[in-house]
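Engineer: The structure follows.
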Amino acid sequence: TAAPDATPAAPPRGVPDARTPAGQGLARIRAQDGGFDPALFLGGAEGAFRMIVEAFASGDRATLRNLLSDDTYAGFEQAIAARETAGERQRTEIRNVQDMSIEAADLRGSVAEITVRIVSDQINMVTAADGSVVSGHDGVTEIVDLWTFQRDLRNSDPTWKLVGTGAV
């Protein structure tokens, strides 16, 4: 057993300390949703990240529709439509997710919002109809993203929707 003066166990990888603003936000979310587990949330966020990136690259609107808020979907759909109109194709491969960490967490009423920092190794390339490279390259690049997920805790649907994306 631990000595009484032992330091508390460190939070799981990627989960902020309970004393930080993000850790306090997670505690408020957990208080309203007893089944919420930040480490499990991060695992689900990684799965969603992979599905969303692949769906965007392939133009899979149905998958995106289920995982994105209306506003975020509209932006993704517009980018897919522009790519299709131009006859371009996107190739994206996530080679590795190096790190995922919760950067911010908040609860406003029953709406929980969590921002996750995602560090991944990816290949991103857009090619024209003739196969020429429009942007990117076929080498692996480290990409750091900030993705914000949201869920109304009163809703029986356990899906956290992506409501915002940004690069660091």
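Naming scheme: A, B, ... for chains in displayed order of the structure tokens; residues 1 onward per chain; ligands 1 onward as shown.
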Excluding Asp33 (chain A) and any residue of its chain fewer than 4 positions from it, enumerate the residues within 10 Å of it, using only C-alpha atoms, and give them as a list in words.
Structural biologist: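 Residues meeting the cut-off are Ala27, Arg28, Ile29, Asp37, Ser110, Ala112, Leu153 and Arg154 of chain A.
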Engineer: List the spatial neighbours of Arg83 (chain A) as a PDB file with N, CA and C atoms, in the first residue's frame - criterion: any atom at most 10 Å away, only C-alpha atoms, same-chain residues fewer than 3 positions off excluded.
Structural biologist:
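File written: result36.pdb
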ATOM      1  N   ALA A  57     -11.122  11.906 -47.161  1.00  0.00           N
ATOM      2  CA  ALA A  57     -10.261  11.637 -48.320  1.00  0.00           C
ATOM      3  C   ALA A  57     -11.021  10.906 -49.423  1.00  0.00           C
ATOM      4  N   GLY A  59     -14.325  10.879 -49.809  1.00  0.00           N
ATOM      5  CA  GLY A  59     -15.594  11.529 -50.148  1.00  0.00           C
ATOM      6  C   GLY A  59     -16.807  10.785 -49.618  1.00  0.00           C
ATOM      7  N   GLU A  77     -18.212  18.983 -46.609  1.00  0.00           N
ATOM      8  CA  GLU A  77     -18.933  18.663 -47.846  1.00  0.00           C
ATOM      9  C   GLU A  77     -18.540  19.639 -48.955  1.00  0.00           C
ATOM     10  N   GLN A  78     -18.403  20.902 -48.613  1.00  0.00           N
ATOM     11  CA  GLN A  78     -18.008  21.919 -49.596  1.00  0.00           C
ATOM     12  C   GLN A  78     -16.620  21.606 -50.164  1.00  0.00           C
ATOM     13  N   ALA A  79     -15.699  21.199 -49.301  1.00  0.00           N
ATOM     14  CA  ALA A  79     -14.349  20.858 -49.756  1.00  0.00           C
ATOM     15  C   ALA A  79     -14.364  19.612 -50.647  1.00  0.00           C
ATOM     16  N   ILE A  80     -15.167  18.622 -50.294  1.00  0.00           N
ATOM     17  CA  ILE A  80     -15.281  17.406 -51.115  1.00  0.00           C
ATOM     18  C   ILE A  80     -15.868  17.754 -52.480  1.00  0.00           C
ATOM     19  N   ALA A  86     -13.306  19.732 -59.512  1.00  0.00           N
ATOM     20  CA  ALA A  86     -12.000  19.932 -60.138  1.00  0.00           C
ATOM     21  C   ALA A  86     -11.417  18.628 -60.695  1.00  0.00           C
ATOM     22  N   GLY A  87     -12.089  17.507 -60.433  1.00  0.00           N
ATOM     23  CA  GLY A  87     -11.577  16.215 -60.897  1.00  0.00           C
ATOM     24  C   GLY A  87     -10.366  15.741 -60.113  1.00  0.00           C
ATOM     25  N   GLU A  88     -10.243  16.240 -58.890  1.00  0.00           N
ATOM     26  CA  GLU A  88      -9.090  15.885 -58.062  1.00  0.00           C
ATOM     27  C   GLU A  88      -9.422  14.710 -57.142  1.00  0.00           C
ATOM     28  N   ARG A  89      -8.359  14.031 -56.742  1.00  0.00           N
ATOM     29  CA  ARG A  89      -8.486  12.920 -55.791  1.00  0.00           C
ATOM     30  C   ARG A  89      -7.554  13.163 -54.633  1.00  0.00           C
ATOM     31  N   GLN A  90      -8.020  12.830 -53.440  1.00  0.00           N
ATOM     32  CA  GLN A  90      -7.185  12.980 -52.257  1.00  0.00           C
ATOM     33  C   GLN A  90      -6.749  11.612 -51.781  1.00  0.00           C
ATOM     34  N   VAL A 126      -2.973  15.484 -52.969  1.00  0.00           N
ATOM     35  CA  VAL A 126      -4.109  15.684 -53.865  1.00  0.00           C
ATOM     36  C   VAL A 126      -3.566  15.647 -55.283  1.00  0.00           C
ATOM     37  N   THR A 127      -4.215  14.824 -56.109  1.00  0.00           N
ATOM     38  CA  THR A 127      -3.783  14.713 -57.507  1.00  0.00           C
ATOM     39  C   THR A 127      -4.898  15.159 -58.436  1.00  0.00           C
ATOM     40  N   ALA A 128      -4.484  15.717 -59.570  1.00  0.00           N
ATOM     41  CA  ALA A 128      -5.419  16.147 -60.611  1.00  0.00           C
ATOM     42  C   ALA A 128      -5.867  14.923 -61.406  1.00  0.00           C
TER      43      ALA A 128
END
Engineer: Which residues are close to Ala74 (chain A), i.e. within 12 Å by only C-alpha atoms, leaving aside same-chain residues fewer than 6 positions away? Reply as JSON, numbers by chain.
Structural biologist: {"A": [61, 64, 65, 68, 80, 81, 163, 164]}
Engineer: Would you save the residues from that selection as a tab-separated table (two decimals), in the first residue's frame, using N, CA and C atoms?
Structural biologist:
chain	number	residue	atom	x	y	z
A	61	ARG	N	-19.55	10.80	-47.70
A	61	ARG	CA	-20.41	11.77	-47.00
A	61	ARG	C	-21.27	11.12	-45.93
A	64	LEU	N	-19.30	10.80	-42.75
A	64	LEU	CA	-19.07	12.13	-42.19
A	64	LEU	C	-20.35	12.69	-41.56
A	65	ARG	N	-21.47	12.47	-42.20
A	65	ARG	CA	-22.76	13.00	-41.73
A	65	ARG	C	-23.04	12.52	-40.30
A	68	LEU	N	-20.11	14.32	-37.70
A	68	LEU	CA	-19.84	15.75	-37.66
A	68	LEU	C	-21.10	16.54	-37.31
A	80	ILE	N	-15.17	18.62	-50.29
A	80	ILE	CA	-15.28	17.41	-51.12
A	80	ILE	C	-15.87	17.75	-52.48
A	81	ALA	N	-16.95	18.55	-52.49
A	81	ALA	CA	-17.59	18.94	-53.74
A	81	ALA	C	-16.62	19.71	-54.64
A	163	VAL	N	-17.04	19.13	-33.88
A	163	VAL	CA	-17.60	20.46	-34.10
A	163	VAL	C	-16.56	21.48	-34.56
A	164	GLY	N	-15.29	21.10	-34.52
A	164	GLY	CA	-14.27	22.04	-34.95
A	164	GLY	C	-12.95	21.36	-35.17
Engineer: With distances taken over only C-alpha atoms, which residue among A:Gly109, A:Gly14, A:Thr92, A:Ala45 lies nearest Gln32 (chain A)?
Structural biologist: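 Ranked by minimum distance to Gln32 (chain A), first place goes to A:Gly109.
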Engineer: Need to verify the contact set: Leu146 (chain A), 12 Å, only C-alpha atoms, exclusion of same-chain residues closer than 4 positions in sequence. Can you return it as an NGL selection string?
Structural biologist: :A and (45 or 49 or 99-104 or 114-120 or 162-168)
Engineer: Given only C-alpha atoms as the basis, pick out the residue of A:Arg91, A:Asp152, A:Phe41, A:Asp70 nearest to Gly136 (chain A).
Structural biologist: A:Arg91
Engineer: Using DSSP on the backbone, list every residue of region 37-137 of chain A that comes out as alpha helix (DSSP H), and give them as a PyMOL selection string.
Structural biologist: chain A and resi 38-58+61-67+70-85
Engineer: Find the residue from A:Ala129, A:Asp157, A:Leu40, A:Val97 that sits nearest to Thr141 (chain A); use only C-alpha atoms when measuring.
Structural biologist: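 Nearest candidate to Thr141 (chain A) out of A:Ala129, A:Asp157, A:Leu40, A:Val97: A:Val97.
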Engineer: Give me, please, the distance in Å between CA of Lys161 (chain A) and CA of Asp106 (chain A), quoted to one decimal.
Structural biologist: 14.7 Å
Engineer: CA of Val53 (chain A) to CA of Gln24 (chain A): how many Å, to one decimal?
Structural biologist: 29.8 Å
